[in-house]
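Trainee: This is protein.cif, which holds mmCIF, C-alpha atoms (C1' of nucleotides):
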data_model
#
loop_
_atom_site.label_atom_id
_atom_site.label_comp_id
_atom_site.auth_asym_id
_atom_site.auth_seq_id
_atom_site.Cartn_x
_atom_site.Cartn_y
_atom_site.Cartn_z
CA MET T 1 12.09 2.29 12.86
CA PRO T 2 12.73 -0.49 10.42
CA ASN T 3 9.25 -0.98 9.03
CA ARG T 4 5.93 0.83 8.76
CA PRO T 5 4.54 2.05 5.43
CA ASP T 6 7.37 4.40 4.71
CA GLN T 7 6.74 8.05 5.32
CA GLY T 8 8.76 9.41 2.45
CA THR T 9 12.24 10.10 3.69
CA SER T 10 13.77 9.86 0.27
CA ALA T 11 14.36 12.72 -2.06
CA ALA T 12 11.84 13.01 -4.84
CA ASP T 13 13.66 11.97 -7.96
CA SER T 14 11.61 13.42 -10.75
CA GLU T 15 10.34 10.51 -12.81
CA ASP T 16 8.17 10.96 -15.86
CA THR T 17 4.98 9.52 -17.36
CA SER T 18 2.78 7.05 -15.49
CA ALA T 19 3.56 7.98 -11.99
CA GLY T 20 6.21 10.52 -11.32
CA GLY T 21 6.77 14.14 -12.00
CA GLY T 22 3.92 14.74 -14.37
CA PRO T 23 0.51 15.91 -13.30
CA LEU T 24 -1.37 13.11 -11.58
CA ASN T 25 -4.91 12.26 -12.44
CA ILE T 26 -7.64 13.36 -10.08
CA GLY T 27 -8.18 9.84 -8.79
CA LEU T 28 -4.58 9.50 -7.74
CA LEU T 29 -4.56 12.95 -6.18
CA CYS T 30 -7.62 12.03 -4.19
CA PHE T 31 -5.88 8.93 -2.96
CA ILE T 32 -3.06 10.99 -1.55
CA VAL T 33 -5.35 13.45 0.17
CA GLN T 34 -7.68 10.81 1.52
CA ARG T 35 -4.85 8.73 2.81
CA SER T 36 -3.32 11.70 4.54
CA MET T 37 -6.47 12.46 6.48
CA GLU T 38 -6.89 8.82 7.36
CA ASP T 39 -3.37 8.56 8.69
CA ARG T 40 -3.73 11.68 10.78
CA VAL T 41 -6.96 10.55 12.35
CA LEU T 42 -5.65 7.09 13.03
CA ALA T 43 -2.48 8.45 14.57
CA ASP T 44 -4.39 10.75 16.88
CA LEU T 45 -6.73 7.97 17.85
CA ALA T 46 -3.80 5.78 18.75
CA ALA T 47 -2.19 8.60 20.69
CA ALA T 48 -5.43 9.12 22.60
CA GLY T 49 -5.44 5.54 23.76
CA PHE T 50 -7.53 4.02 21.00
CA ASP T 51 -4.63 1.95 19.86
CA ASP T 52 -6.60 -1.13 19.18
CA ILE T 53 -8.60 -0.25 16.06
CA THR T 54 -7.18 -0.79 12.63
CA VAL T 55 -7.60 1.16 9.44
CA ALA T 56 -10.15 -1.28 8.14
CA GLN T 57 -12.17 -1.05 11.33
CA ALA T 58 -11.95 2.72 11.34
CA ARG T 59 -13.25 2.90 7.79
CA VAL T 60 -16.38 1.14 8.88
CA LEU T 61 -16.68 2.92 12.21
CA ALA T 62 -16.43 6.28 10.50
CA ARG T 63 -19.63 5.57 8.68
CA VAL T 64 -21.80 4.80 11.64
CA GLY T 65 -24.43 7.50 11.97
CA ALA T 66 -25.70 9.03 15.19
CA LYS T 67 -28.99 7.16 15.01
CA GLY T 68 -27.35 3.95 14.04
CA THR T 69 -26.66 2.52 10.63
CA ARG T 70 -27.51 -0.77 9.06
CA LEU T 71 -24.77 -3.15 8.27
CA THR T 72 -25.62 -3.17 4.60
CA ASP T 73 -25.31 0.59 4.47
CA LEU T 74 -21.98 0.48 6.25
CA ALA T 75 -20.78 -2.07 3.74
CA GLU T 76 -21.89 -0.03 0.77
CA GLN T 77 -20.38 3.18 1.99
CA ALA T 78 -17.09 1.61 3.01
CA ARG T 79 -17.11 -0.26 -0.29
CA VAL T 80 -16.73 -3.73 1.11
CA THR T 81 -18.94 -6.78 1.11
CA LYS T 82 -21.50 -7.44 3.79
CA GLN T 83 -19.34 -10.26 5.05
CA THR T 84 -16.40 -7.96 5.57
CA ALA T 85 -18.59 -5.42 7.28
CA THR T 86 -19.96 -8.11 9.55
CA PHE T 87 -16.46 -9.11 10.47
CA MET T 88 -15.43 -5.52 11.20
CA VAL T 89 -18.51 -4.83 13.26
CA ASP T 90 -17.86 -8.03 15.20
CA GLN T 91 -14.48 -6.69 16.17
CA LEU T 92 -15.68 -3.20 16.87
CA GLU T 93 -18.41 -4.61 19.05
CA ARG T 94 -16.06 -6.86 20.98
CA ALA T 95 -13.76 -3.88 21.54
CA GLY T 96 -16.63 -1.79 22.86
CA TYR T 97 -16.89 0.73 20.05
CA VAL T 98 -20.33 -0.15 18.78
CA SER T 99 -23.43 -2.09 19.68
CA ARG T 100 -25.94 -3.87 17.54
CA LEU T 101 -29.52 -2.93 18.33
CA PRO T 102 -32.62 -4.32 16.72
CA ASP T 103 -34.03 -2.03 14.09
CA PRO T 104 -37.48 -0.99 15.32
CA VAL T 105 -38.90 -0.77 11.82
CA ASP T 106 -37.47 -3.95 10.32
CA ALA T 107 -37.00 -7.12 12.27
CA ARG T 108 -34.46 -8.43 9.80
CA ALA T 109 -32.16 -5.53 10.32
CA ARG T 110 -30.01 -4.45 13.21
CA LEU T 111 -28.71 -0.97 13.73
CA VAL T 112 -25.04 -0.56 14.41
CA THR T 113 -24.76 2.24 16.94
CA PHE T 114 -21.96 3.89 18.85
CA ALA T 115 -21.16 2.50 22.27
CA ASP T 116 -19.38 4.63 24.87
CA ARG T 117 -15.91 3.88 23.63
CA GLY T 118 -17.04 4.57 20.11
CA LEU T 119 -18.42 7.95 21.06
CA ALA T 120 -15.17 8.88 22.73
CA ALA T 121 -13.21 7.81 19.70
CA ARG T 122 -15.53 9.70 17.41
CA GLU T 123 -14.89 12.82 19.43
CA VAL T 124 -11.15 12.48 18.97
CA ALA T 125 -11.55 11.74 15.28
CA ARG T 126 -13.74 14.76 14.76
CA ARG T 127 -11.31 17.02 16.50
CA THR T 128 -8.52 15.78 14.30
CA GLU T 129 -10.61 16.25 11.20
CA VAL T 130 -11.21 19.83 12.19
CA VAL T 131 -7.54 20.44 12.87
CA VAL T 132 -6.48 18.92 9.57
CA GLN T 133 -9.10 20.79 7.62
CA GLU T 134 -7.86 23.98 9.24
CA GLU T 135 -4.33 23.19 8.15
CA TRP T 136 -5.55 22.62 4.66
CA THR T 137 -7.51 25.83 4.74
CA ARG T 138 -4.42 27.68 5.87
CA HIS T 139 -2.56 26.25 2.91
CA LEU T 140 -5.22 26.78 0.26
CA GLY T 141 -7.04 29.77 1.59
CA ARG T 142 -10.59 29.92 2.86
CA ARG T 143 -12.35 30.47 -0.42
CA ALA T 144 -10.34 27.89 -2.30
CA THR T 145 -11.07 25.30 0.36
CA VAL T 146 -14.76 25.97 0.17
CA ARG T 147 -14.54 25.68 -3.58
CA LEU T 148 -12.65 22.40 -3.35
CA HIS T 149 -15.24 21.01 -1.02
CA GLN T 150 -18.00 22.12 -3.30
CA LEU T 151 -16.38 20.61 -6.36
CA LEU T 152 -15.78 17.29 -4.67
CA THR T 153 -19.35 17.22 -3.45
CA GLN T 154 -20.55 17.90 -6.94
CA LEU T 155 -18.31 15.19 -8.28
CA ARG T 156 -19.73 12.84 -5.72
CA GLU T 157 -23.05 13.09 -7.48
CA ILE T 158 -21.75 10.93 -10.28
CA THR T 159 -19.08 8.92 -8.48
CA ASP T 160 -20.96 7.71 -5.44
CA PRO T 161 -23.05 4.71 -6.39
CA TYR T 162 -24.58 4.96 -2.98
CA GLN T 163 -26.60 8.19 -2.82
CA MET Q 1 -25.17 -11.57 -8.14
CA PRO Q 2 -25.16 -12.39 -4.45
CA ASN Q 3 -21.95 -10.72 -3.38
CA ARG Q 4 -19.47 -8.12 -4.57
CA PRO Q 5 -18.93 -4.83 -2.68
CA ASP Q 6 -22.43 -3.58 -3.11
CA GLN Q 7 -22.98 -0.94 -5.74
CA GLY Q 8 -25.64 1.05 -3.94
CA THR Q 9 -29.00 -0.25 -4.95
CA SER Q 10 -30.69 1.09 -1.87
CA ALA Q 11 -32.35 4.44 -1.56
CA ALA Q 12 -30.30 7.01 0.27
CA ASP Q 13 -32.05 7.43 3.56
CA SER Q 14 -30.92 10.77 4.83
CA GLU Q 15 -28.97 10.11 7.98
CA ASP Q 16 -27.43 12.87 10.03
CA THR Q 17 -24.09 13.68 11.70
CA SER Q 18 -21.03 11.43 11.36
CA ALA Q 19 -21.71 9.88 8.03
CA GLY Q 20 -24.96 10.50 6.30
CA GLY Q 21 -26.76 13.42 4.85
CA GLY Q 22 -24.55 16.21 6.12
CA PRO Q 23 -21.60 17.56 4.20
CA LEU Q 24 -18.78 15.07 4.20
CA ASN Q 25 -15.26 16.06 5.02
CA ILE Q 26 -12.80 16.41 2.20
CA GLY Q 27 -11.02 13.20 3.11
CA LEU Q 28 -14.17 11.17 2.80
CA LEU Q 29 -15.14 12.88 -0.42
CA CYS Q 30 -11.75 12.04 -1.84
CA PHE Q 31 -12.26 8.44 -0.88
CA ILE Q 32 -15.43 8.28 -2.91
CA VAL Q 33 -13.89 9.87 -5.96
CA GLN Q 34 -10.70 7.87 -5.78
CA ARG Q 35 -12.55 4.65 -5.35
CA SER Q 36 -14.76 5.41 -8.29
CA MET Q 37 -11.84 5.89 -10.63
CA GLU Q 38 -10.17 2.79 -9.33
CA ASP Q 39 -13.25 0.68 -9.88
CA ARG Q 40 -13.70 1.94 -13.40
CA VAL Q 41 -10.12 1.27 -14.38
CA LEU Q 42 -10.17 -2.16 -12.83
CA ALA Q 43 -13.43 -3.05 -14.52
CA ASP Q 44 -12.13 -2.01 -17.92
CA LEU Q 45 -8.92 -3.89 -17.37
CA ALA Q 46 -10.87 -7.02 -16.53
CA ALA Q 47 -13.09 -6.51 -19.56
CA ALA Q 48 -10.01 -6.16 -21.74
CA GLY Q 49 -8.72 -9.54 -20.63
CA PHE Q 50 -6.54 -8.41 -17.74
CA ASP Q 51 -8.74 -10.23 -15.32
CA ASP Q 52 -5.98 -11.57 -13.23
CA ILE Q 53 -4.70 -8.48 -11.39
CA THR Q 54 -6.21 -7.37 -8.15
CA VAL Q 55 -6.79 -3.93 -6.71
CA ALA Q 56 -3.73 -4.19 -4.55
CA GLN Q 57 -1.58 -5.21 -7.47
CA ALA Q 58 -3.01 -2.45 -9.60
CA ARG Q 59 -2.20 0.12 -6.96
CA VAL Q 60 1.42 -0.83 -7.16
CA LEU Q 61 1.48 -1.28 -10.92
CA ALA Q 62 -0.02 2.15 -11.41
CA ARG Q 63 3.03 3.67 -9.82
CA VAL Q 64 5.64 2.11 -12.03
CA GLY Q 65 7.29 4.82 -14.09
CA ALA Q 66 8.32 4.55 -17.71
CA LYS Q 67 11.99 4.31 -16.85
CA GLY Q 68 11.38 1.88 -14.06
CA THR Q 69 10.85 2.51 -10.40
CA ARG Q 70 12.53 1.18 -7.31
CA LEU Q 71 10.61 -1.07 -5.05
CA THR Q 72 11.04 1.28 -2.15
CA ASP Q 73 9.54 4.11 -4.15
CA LEU Q 74 6.62 1.96 -5.19
CA ALA Q 75 6.04 1.06 -1.57
CA GLU Q 76 6.11 4.65 -0.41
CA GLN Q 77 3.79 5.89 -3.10
CA ALA Q 78 1.31 3.09 -2.70
CA ARG Q 79 1.60 3.55 1.06
CA VAL Q 80 2.51 0.02 1.94
CA THR Q 81 5.56 -1.60 3.45
CA LYS Q 82 8.45 -2.76 1.34
CA GLN Q 83 7.49 -6.32 2.14
CA THR Q 84 4.02 -5.85 0.77
CA ALA Q 85 5.41 -4.18 -2.31
CA THR Q 86 7.80 -7.08 -2.78
CA PHE Q 87 4.89 -9.47 -2.58
CA MET Q 88 2.89 -7.49 -5.12
CA VAL Q 89 5.79 -7.17 -7.52
CA ASP Q 90 6.40 -10.89 -7.21
CA GLN Q 91 2.89 -11.53 -8.41
CA LEU Q 92 2.99 -8.89 -11.10
CA GLU Q 93 6.23 -10.32 -12.35
CA ARG Q 94 4.93 -13.87 -12.41
CA ALA Q 95 1.88 -12.67 -14.32
CA GLY Q 96 4.06 -10.92 -16.88
CA TYR Q 97 3.20 -7.34 -16.05
CA VAL Q 98 6.59 -6.19 -14.89
CA SER Q 99 10.24 -7.18 -14.83
CA ARG Q 100 12.93 -6.52 -12.32
CA LEU Q 101 16.07 -5.10 -13.87
CA PRO Q 102 19.26 -4.25 -12.10
CA ASP Q 103 19.62 -0.57 -11.39
CA PRO Q 104 22.67 0.60 -13.35
CA VAL Q 105 23.59 3.20 -10.78
CA ASP Q 106 23.09 1.19 -7.59
CA ALA Q 107 23.82 -2.48 -7.34
CA ARG Q 108 21.63 -2.85 -4.29
CA ALA Q 109 18.57 -1.69 -6.13
CA ARG Q 110 16.48 -3.18 -8.89
CA LEU Q 111 14.22 -1.25 -11.16
CA VAL Q 112 10.70 -2.49 -11.57
CA THR Q 113 9.79 -1.90 -15.19
CA PHE Q 114 6.84 -2.64 -17.41
CA ALA Q 115 6.89 -5.90 -19.32
CA ASP Q 116 4.81 -6.34 -22.47
CA ARG Q 117 1.65 -7.33 -20.68
CA GLY Q 118 2.12 -4.42 -18.31
CA LEU Q 119 2.43 -1.96 -21.16
CA ALA Q 120 -0.74 -3.28 -22.72
CA ALA Q 121 -2.57 -2.98 -19.44
CA ARG Q 122 -1.24 0.50 -18.89
CA GLU Q 123 -2.63 1.51 -22.25
CA VAL Q 124 -6.09 0.29 -21.31
CA ALA Q 125 -5.89 1.97 -17.93
CA ARG Q 126 -4.85 5.26 -19.45
CA ARG Q 127 -7.66 5.19 -21.92
CA THR Q 128 -10.15 4.59 -19.13
CA GLU Q 129 -8.67 7.39 -17.10
CA VAL Q 130 -9.16 9.73 -20.00
CA VAL Q 131 -12.73 8.60 -20.53
CA VAL Q 132 -13.58 8.98 -16.87
CA GLN Q 133 -11.96 12.38 -16.63
CA GLU Q 134 -13.99 13.45 -19.63
CA GLU Q 135 -17.17 12.31 -17.94
CA TRP Q 136 -16.20 14.28 -14.89
CA THR Q 137 -15.41 17.29 -17.00
CA ARG Q 138 -18.79 17.05 -18.66
CA HIS Q 139 -20.39 17.05 -15.24
CA LEU Q 140 -18.35 19.81 -13.64
CA GLY Q 141 -17.46 21.91 -16.63
CA ARG Q 142 -14.04 22.46 -18.11
CA ARG Q 143 -12.92 25.32 -15.95
CA ALA Q 144 -14.17 23.76 -12.74
CA THR Q 145 -12.36 20.53 -13.50
CA VAL Q 146 -9.14 22.35 -14.12
CA ARG Q 147 -9.64 24.20 -10.88
CA LEU Q 148 -10.32 20.98 -9.00
CA HIS Q 149 -7.18 19.45 -10.37
CA GLN Q 150 -5.21 22.49 -9.46
CA LEU Q 151 -6.55 22.57 -5.91
CA LEU Q 152 -5.85 18.92 -5.34
CA THR Q 153 -2.36 19.33 -6.68
CA GLN Q 154 -1.81 22.22 -4.33
CA LEU Q 155 -3.18 20.22 -1.46
CA ARG Q 156 -0.81 17.44 -2.34
CA GLU Q 157 2.05 19.72 -1.41
CA ILE Q 158 1.24 19.25 2.23
CA THR Q 159 -0.44 15.85 2.21
CA ASP Q 160 2.04 13.81 0.25
CA PRO Q 161 4.89 12.78 2.50
CA TYR Q 162 6.62 11.50 -0.58
CA GLN Q 163 7.45 14.50 -2.74
"C1'" DC L 1 -53.92 -14.19 2.51
"C1'" DT L 2 -50.25 -16.75 0.77
"C1'" DA L 3 -46.43 -18.29 -2.33
"C1'" DG L 4 -42.35 -16.69 -4.19
"C1'" DA L 5 -38.99 -13.03 -4.74
"C1'" DA L 6 -36.20 -9.81 -2.48
"C1'" DT L 7 -33.68 -7.95 1.51
"C1'" DG L 8 -30.82 -7.90 5.92
"C1'" DG L 9 -27.66 -10.44 8.16
"C1'" DT L 10 -24.79 -14.39 9.61
"C1'" DT L 11 -21.62 -18.51 9.36
"C1'" DC L 12 -18.03 -21.14 7.13
"C1'" DG L 13 -13.98 -21.66 4.64
"C1'" DA L 14 -10.46 -20.08 1.76
"C1'" DA L 15 -7.67 -16.63 -0.50
"C1'" DA L 16 -5.40 -12.28 -0.54
"C1'" DA L 17 -3.07 -8.49 1.60
"C1'" DT L 18 -0.50 -6.68 5.10
"C1'" DC L 19 2.55 -6.37 8.83
"C1'" DT L 20 6.93 -7.45 12.16
"C1'" DG L 21 11.20 -9.27 12.56
"C1'" DA L 22 15.40 -10.87 10.98
"C1'" DC L 23 18.74 -11.06 7.40
"C1'" DT L 24 21.97 -10.28 3.07
"C1'" DA L 25 24.17 -7.21 -0.12
"C1'" DC L 26 25.75 -2.98 -1.40
"C1'" DT L 27 26.87 2.33 -0.65
"C1'" DG L 28 28.84 6.12 1.26
"C1'" DT L 29 31.44 8.38 4.85
"C1'" DC L 30 35.23 9.46 7.70
"C1'" DG X 1 38.37 -0.38 5.75
"C1'" DA X 2 35.08 -0.28 9.66
"C1'" DC X 3 30.40 1.31 10.27
"C1'" DA X 4 26.09 3.40 9.65
"C1'" DG X 5 22.57 3.55 6.45
"C1'" DT X 6 19.86 1.97 2.31
"C1'" DA X 7 17.74 -1.64 -1.06
"C1'" DG X 8 15.61 -5.61 -1.10
"C1'" DT X 9 14.27 -10.30 0.34
"C1'" DC X 10 12.71 -14.33 3.26
"C1'" DA X 11 9.89 -16.34 6.83
"C1'" DG X 12 5.94 -16.38 9.76
"C1'" DA X 13 1.77 -14.58 11.59
"C1'" DT X 14 -2.21 -11.77 11.49
"C1'" DT X 15 -5.68 -9.21 9.30
"C1'" DT X 16 -8.69 -8.26 5.70
"C1'" DT X 17 -11.52 -9.65 2.18
"C1'" DC X 18 -14.29 -12.41 -0.55
"C1'" DG X 19 -17.55 -16.35 -2.41
"C1'" DA X 20 -21.00 -19.63 -1.27
"C1'" DA X 21 -24.57 -21.18 1.38
"C1'" DC X 22 -27.97 -20.20 4.57
"C1'" DC X 23 -31.89 -18.31 7.89
"C1'" DA X 24 -35.31 -14.88 9.05
"C1'" DT X 25 -38.13 -11.29 7.75
"C1'" DT X 26 -40.37 -8.31 4.47
"C1'" DC X 27 -42.49 -7.18 0.17
"C1'" DT X 28 -45.35 -8.14 -3.83
"C1'" DA X 29 -48.45 -10.27 -7.02
"C1'" DG X 30 -52.08 -12.80 -7.55
#
What is this file in structure tokens?
Mentor:
Amino acid sequence: MPNRPDQGTSAADSEDTSAGGGPLNIGLLCFIVQRSMEDRVLADLAAAGFDDITVAQARVLARVGAKGTRLTDLAEQARVTKQTATFMVDQLERAGYVSRLPDPVDARARLVTFADRGLAAREVARRTEVVVQEEWTRHLGRRATVRLHQLLTQLREITDPYQ
Amino acid sequence: MPNRPDQGTSAADSEDTSAGGGPLNIGLLCFIVQRSMEDRVLADLAAAGFDDITVAQARVLARVGAKGTRLTDLAEQARVTKQTATFMVDQLERAGYVSRLPDPVDARARLVTFADRGLAAREVARRTEVVVQEEWTRHLGRRATVRLHQLLTQLREITDPYQ
DNA sequence: CTAGAATGGTTCGAAAATCTGACTACTGTC
DNA sequence: GACAGTAGTCAGATTTTCGAACCATTCTAG
């Protein structure tokens, strides 16, 4: 296993300031948590046969709503440009995860919606999310997890430029 | 301003399941928060004259410790391969942000350390981090912010493969 | 109702980021 | 001192991302 973004085999040598032993800032902590969930979901997807699909694609796919989502909205929520989103949706469409349907209320727009393969993948992803959240709940405790979720949601009010 | 990862101008149309109106999972919430901090720091860096330096570079730079950090450690913490980290450090070095010094205790290794420009940038970044955290604290309240930090730190215990 | 501004999306081309594979140099072990 | 493992780099290819330019449709002000 010579490559792959290394999954920390090394012993934690306690550094200091910037990054290291000290308390990390909330942004950095969120990075760690977010990345962990992402990795888990992606790994389970791959294991379930959805082994095409990259992180970048998944980040867009994860934001497709049940009734379909506009490309612009996908771009905003995934924090990429429309061009990037277009490119990702192209790939996802070619791979059978999503379809582009005309938006009934706006002829300029098209709704990105789940195709069969996308629905199947979403199911796997959801299951993993549940499993992981349960692990986290086991570690933190029920009430603490609820509190964490609530605090993050509250923080979202001022950190999410979209909504 | 025709491009740039769009900063949510649109009205939040309440979607449903997957991504949308419903409560987001903790991973996704963390993404939003993390990304917000990152954007703020990067914007302030650019405003302060550190306008070369990309997100990817910053993610590596942010993990350089005061006493220097090995490339492998940088890679693990930033969750990229050693090759990618090498590439980033190359650029950061060329731009004067870091230096590579021989590791006194291991001749194979080299310590990535802050150069003058890197120290200056770090100062700006830190200041922004403080400002942003204060904003967050104003929004959440002192105790809640402390609690959030504590919960995330606790969650890190099981989500951070490195340490 | 229509001209002009704004919005949703795409195409093109280039730059940036990331990965796999293969390799060198040094460490540590037995 | 051979050998397995670790630190880092080089080379090449692929993927991701962005900026600019553009078309079609919608919205808005007169």
Trainee: Name the residues captured by the PyMOL selection byres ((chain L and resi 5-14) around 8) when it is applied to the shown file; answer as a list in words.
Mentor: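 On the file shown, the PyMOL selection byres ((chain L and resi 5-14) around 8) covers Leu71, Thr72, Thr86, Arg108 and Ala109 of chain T; DG4 and DA15 of chain L; DT26 and DC27 of chain X.
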Trainee: If you take only C-alpha atoms (C1' of nucleotides) and a cut-off of 12 Å, which residues of chain Q touch chain X, and what are their nearest atom pairs and distances in Å to one decimal, in chain and number order, as CSV?
Mentor:
residue,atom,partner,partner_atom,distance
Q:Met1,CA,X:DG19,C1',10.7
Q:Pro2,CA,X:DG19,C1',8.8
Q:Asn3,CA,X:DG19,C1',7.2
Q:Arg4,CA,X:DC18,C1',7.8
Q:Pro5,CA,X:DC18,C1',9.1
Q:Thr54,CA,X:DT17,C1',11.8
Q:Val55,CA,X:DT17,C1',11.6
Q:Ala56,CA,X:DT17,C1',11.7
Q:Arg70,CA,X:DA7,C1',8.6
Q:Leu71,CA,X:DG8,C1',7.8
Q:Thr72,CA,X:DA7,C1',7.4
Q:Asp73,CA,X:DA7,C1',10.5
Q:Ala75,CA,X:DG8,C1',11.7
Q:Thr81,CA,X:DG8,C1',11.7
Q:Lys82,CA,X:DG8,C1',8.1
Q:Gln83,CA,X:DT9,C1',8.1
Q:Thr84,CA,X:DT9,C1',11.2
Q:Ala85,CA,X:DG8,C1',10.4
Q:Thr86,CA,X:DT9,C1',7.9
Q:Phe87,CA,X:DT9,C1',9.9
Q:Val89,CA,X:DG8,C1',11.8
Q:Asp90,CA,X:DT9,C1',10.9
Q:Arg100,CA,X:DG8,C1',11.6
Q:Pro102,CA,X:DA7,C1',11.4
Q:Asp103,CA,X:DA7,C1',10.6
Q:Asp106,CA,X:DA7,C1',8.9
Q:Ala107,CA,X:DA7,C1',8.8
Q:Arg108,CA,X:DA7,C1',5.2
Q:Ala109,CA,X:DA7,C1',5.1
Q:Arg110,CA,X:DA7,C1',8.1
Q:Leu111,CA,X:DA7,C1',10.7
Q:Val112,CA,X:DG8,C1',12.0
Trainee: So which residues touch range 39-45 of chain Q within 9 Å, counting all atoms listed in the file, skipping near sequence neighbours fewer than 2 positions away, as a list of chain:residue names?
Mentor: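 Non-adjacent residues within range: Q:Gln34, Q:Arg35, Q:Ser36, Q:Met37, Q:Ala47, Q:Ala48, Q:Gly49, Q:Phe50, Q:Asp51, Q:Ile53, Q:Thr54, Q:Val55, Q:Ala58, Q:Ala121, Q:Arg122, Q:Val124, Q:Ala125, Q:Arg126, Q:Arg127, Q:Thr128, Q:Glu129, Q:Val132.
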Trainee: Kindly save the residues from that selection, with C-alpha atoms included, as a compact mmCIF listing (two decimals), keeping the file's coordinate frame.
Mentor:
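Result file result.txt:
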# COMPACT_ATOMS: atom_id res chain seq x y z
CA GLN Q 34 -10.70 7.87 -5.78
CA ARG Q 35 -12.55 4.65 -5.35
CA SER Q 36 -14.76 5.41 -8.29
CA MET Q 37 -11.84 5.89 -10.63
CA ALA Q 47 -13.09 -6.51 -19.56
CA ALA Q 48 -10.01 -6.16 -21.74
CA GLY Q 49 -8.72 -9.54 -20.63
CA PHE Q 50 -6.54 -8.41 -17.74
CA ASP Q 51 -8.74 -10.23 -15.32
CA ILE Q 53 -4.70 -8.48 -11.39
CA THR Q 54 -6.21 -7.37 -8.15
CA VAL Q 55 -6.79 -3.93 -6.71
CA ALA Q 58 -3.01 -2.45 -9.60
CA ALA Q 121 -2.57 -2.98 -19.44
CA ARG Q 122 -1.24 0.50 -18.89
CA VAL Q 124 -6.09 0.29 -21.31
CA ALA Q 125 -5.89 1.97 -17.93
CA ARG Q 126 -4.85 5.26 -19.45
CA ARG Q 127 -7.66 5.19 -21.92
CA THR Q 128 -10.15 4.59 -19.13
CA GLU Q 129 -8.67 7.39 -17.10
CA VAL Q 132 -13.58 8.98 -16.87
Trainee: Which residues match the PyMOL selection byres ((chain Q and resi 114) around 8) in the file above, as a list in words?
Mentor: Val64, Ala66, Gly68, Tyr97, Val98, Ser99, Val112, Thr113, Ala115, Asp116, Arg117, Gly118 and Leu119 of chain Q
Trainee: Using all atoms listed in the file, can you tell me which of Q:Leu92, Q:Val146, Q:Val105, Q:Cys30 comes closest to chain T?
Mentor: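 Distance minimum relative to chain T lands on Q:Cys30.
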Trainee: Using CA of Gly141 in chain T and CA of Gly27 in chain T as the two end points, give the distance in Å to one decimal.
Mentor: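 Between these atoms lies a distance of 22.5 Å.
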Trainee: Residue by residue, what does the PyMOL selection byres ((chain L) within 12 of (chain Q)) grab here? Present the result as a compact mmCIF listing (two decimals) with C-alpha atoms (C1' of nucleotides), keeping the file's coordinate frame.
Mentor:
# COMPACT_ATOMS: atom_id res chain seq x y z
C1' DA L 6 -36.20 -9.81 -2.48
C1' DT L 7 -33.68 -7.95 1.51
C1' DG L 8 -30.82 -7.90 5.92
C1' DA L 16 -5.40 -12.28 -0.54
C1' DA L 17 -3.07 -8.49 1.60
C1' DT L 18 -0.50 -6.68 5.10
C1' DC L 19 2.55 -6.37 8.83
C1' DT L 20 6.93 -7.45 12.16
C1' DG L 21 11.20 -9.27 12.56
C1' DT L 24 21.97 -10.28 3.07
C1' DA L 25 24.17 -7.21 -0.12
C1' DC L 26 25.75 -2.98 -1.40
C1' DT L 27 26.87 2.33 -0.65
C1' DG L 28 28.84 6.12 1.26
Trainee: For CA of Glu157 in chain T and CA of Val33 in chain Q, determine how far apart the two atoms are, in Å to one decimal place.
Mentor: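 Answer for the CA of Glu157 in chain T to CA of Val33 in chain Q separation: 9.8 Å.
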Trainee: What is the CA of Val131 in chain Q-CA of Ala46 in chain Q distance in Å, reported with one decimal?
Mentor: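 CA of Ala46 in chain Q lies at a distance of 16.2 Å from CA of Val131 in chain Q.
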